[in-house]
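Enquirer: A single structure is presented below for examination.
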Amino acid sequence: MKLYPLFADLSRRAVLVVGGGAVAERKVAALLEAGAQVTVNAPELTATLRRWVAERRIAHADEAFRESWLDRVWLVVAATDDAETNRLVASLAGLRRIFVNVVDDAALSSFHVPAVIDRAPLTIAISSGGEAPMLARLLRERLEALLDHSLGALAALAARLRGRIRAQLPAPAARRRFYERLFAGEVAELLRQNQPQAAQAAAERALAQEPGERRGSVVLVGAGPGDPGLLTLRALRALNEADVILHDRLVSEAVLALARRDAERIEVGKQAGNHHTTQERIHALLLEHARAGKRVVRLKGGDPFVFGRGGEELEYLRAHGIPYEVVPGITAALACAAYAGVPLTHRDHAQSVRLVTAHCRDSLDTLDWPALAQERQTLAVYMGVGELDGLRARLLAHGRAPSTPFALVENGSRAGQRVVTGTLAELPERAAAHMVRSPALLILGEVAALAETLAWFGQPPLGAAAPAHELSPPRRGRKPVSSPDVLAALHRA
Ligand code: SAH
């Protein structure tokens, strides 16, 4: 069940609570806090409920439940310990299209009461749709600890200044930036120290100094290989502050999902041999949005400076006077090695690593093959799936042993990760047999053999010992491989 979240204004609105026990009391307390006019229907009440009746904070109906009461209330809560009564109340409320909450019965409820973190006027509500209330509660505890109590005061301060901020900063982007600084900086700090007057003064000072118009800028951000857990904190912040995100096709959906919801997203997908958007067009887009005063995030798979043309983009921005920052990302070589259990260097096997691209025949011809063919070093080859034949021929011709192990990592760090292992002698054939597709990274060198023993993520490597048609079930992998993935792998095999 997927619920539609809703915050209801119940102030001075009539609500009926059926039941007078401890559970009913908790519900009444929350309703009173929201300013509802509560009537409790029960023969007997808890001591606290009786006190509230005596103080005229709630009304008490001690006779048997009457259907006609439902005609004048906005909401009903059924909190008796009698399932039959609860069911009756729920069905009668349903007939009148009044929302009803039946305590501990998600199926009978037409509204659920979430776990709440109260930083009034800020409210955070968590629901598991009745499926995992303990998880919702646990999350609530974590957030409670995480969110300072001064947040409420911060929200109230923002509310007081809102009209003036809007008047002084009519452009939404400028306003948002001002709020971001307000919420992160000195003002928030002062409120945490319980100095509301100093905080108010600091906020007013900041507003007085706010220039309004702002220069646009570009942040070149490495999105890592796909697993959003591999983003840096800085990358996350940039994604949350972006007005526009220009991203490559390689950037995973899971990473994009972390970006600010209303940031404009432009895919400038590029794929080997299939350039959707030219580099010139990307440059033009960067310039256009930055000149419009926006904060542009240029989001690239892996690291922006490793085979990502990040350097060219910065040169262009610099030539046009656009300010920029760079946030590094975890490059495919590091991520694929980690997620395949292949240490890129190892005291016994490899003292150096080379990051190489084998993009096309031309790039193969320009590489320093005698150096690349040396032993006890690891090659991490990017964009190489189309050139494995040429790669093998040249490495063998320059003396690399045919028995040199490789690990070819497809979709590294993602749910569909596959690792194909073998030796240099059989590299293109093994890749073809498993229909390895881009994005895939080739790790070649003595260390690649360790994938057989050190693998931990997803499915075990497709080694020569385990023929493709005998896919074993996932091992200790962190993410269990879902059945569609297995089917897809079987299909590919
Ligand atoms: N800037 C990127 C590289 C871009 S070149 C980085 O630092 O990772 C694109 C190549 O990177 C792909 O052809 C592939 O070889 C490699 N690659 C990127 N993401 C990958 C992934 N999740 N799994 C395997 N290879 C990947």
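The way I read the labels, and the way they are meant: chains A, B, ... in the order of the structure tokens, residue 1 as the first residue of every chain, and ligand 1 as the first ligand shown, with later ones counted on from there.
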Run DSSP on the backbone and tell me which residues of range 43-92 of chain A come out as alpha helix (DSSP H); list them as a count of residues only.
Expert: 18
Enquirer: For Met383 in chain A, please output as a CSV table (one decimal) with N, CA, C and O atoms, in the first residue's frame all residues within 8 Å (counting only C-alpha atoms; exclusion window: fewer than 6 positions along the same chain).
Expert:
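Written output follows (part.csv):
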```
chain,number,residue,atom,x,y,z
A,272,ALA,N,30.4,5.2,-26.1
A,272,ALA,CA,31.4,5.0,-27.2
A,272,ALA,C,30.7,4.8,-28.5
A,272,ALA,O,29.8,4.0,-28.7
A,357,THR,N,43.2,4.1,-21.3
A,357,THR,CA,42.0,4.0,-22.1
A,357,THR,C,42.3,3.3,-23.4
A,357,THR,O,43.3,3.6,-24.0
A,358,ALA,N,41.4,2.4,-23.8
A,358,ALA,CA,41.6,1.7,-25.1
A,358,ALA,C,40.3,2.0,-25.8
A,358,ALA,O,39.5,1.1,-26.1
A,359,HIS,N,40.1,3.2,-26.1
A,359,HIS,CA,38.8,3.7,-26.6
A,359,HIS,C,38.6,3.3,-28.1
A,359,HIS,O,37.5,2.9,-28.5
A,438,SER,N,29.5,-2.6,-22.2
A,438,SER,CA,29.8,-1.4,-21.6
A,438,SER,C,28.7,-1.0,-20.6
A,438,SER,O,27.6,-1.2,-20.9
A,439,PRO,N,29.0,-0.4,-19.5
A,439,PRO,CA,30.4,0.0,-19.0
A,439,PRO,C,31.1,-1.2,-18.3
A,439,PRO,O,30.5,-1.9,-17.5
A,440,ALA,N,32.2,-1.5,-18.8
A,440,ALA,CA,33.0,-2.6,-18.2
A,440,ALA,C,34.5,-2.1,-18.1
A,440,ALA,O,35.0,-1.4,-18.9
A,441,LEU,N,35.1,-2.5,-17.0
A,441,LEU,CA,36.5,-2.1,-16.8
A,441,LEU,C,37.3,-3.4,-16.7
A,441,LEU,O,37.0,-4.4,-16.0
```
Enquirer: Within 7 Å of ligand 1 (counting only C-alpha atoms and all ligand atoms), which residues show up? I'd like them as a VMD selection string.
Expert: chain A and resid 224 to 226 250 300 to 308 330 to 333 336 381 to 384 409 to 414 438 to 441
Enquirer: Taking only C-alpha atoms into account, which of A:His112, A:Arg160, A:Arg298, A:Arg177 comes nearest Phe7 in chain A?
Expert: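 Going through A:His112, A:Arg160, A:Arg298, A:Arg177 one by one, the smallest distance to Phe7 in chain A is for A:His112.
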Enquirer: I need the residue nearest Pro5 in chain A from this list: A:Phe65, A:Trp74, A:Phe183, A:Phe111. Use only C-alpha atoms for the distance.
Expert: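 Looking only at the distances to Pro5 in chain A, the closest residue turns out to be A:Phe111.
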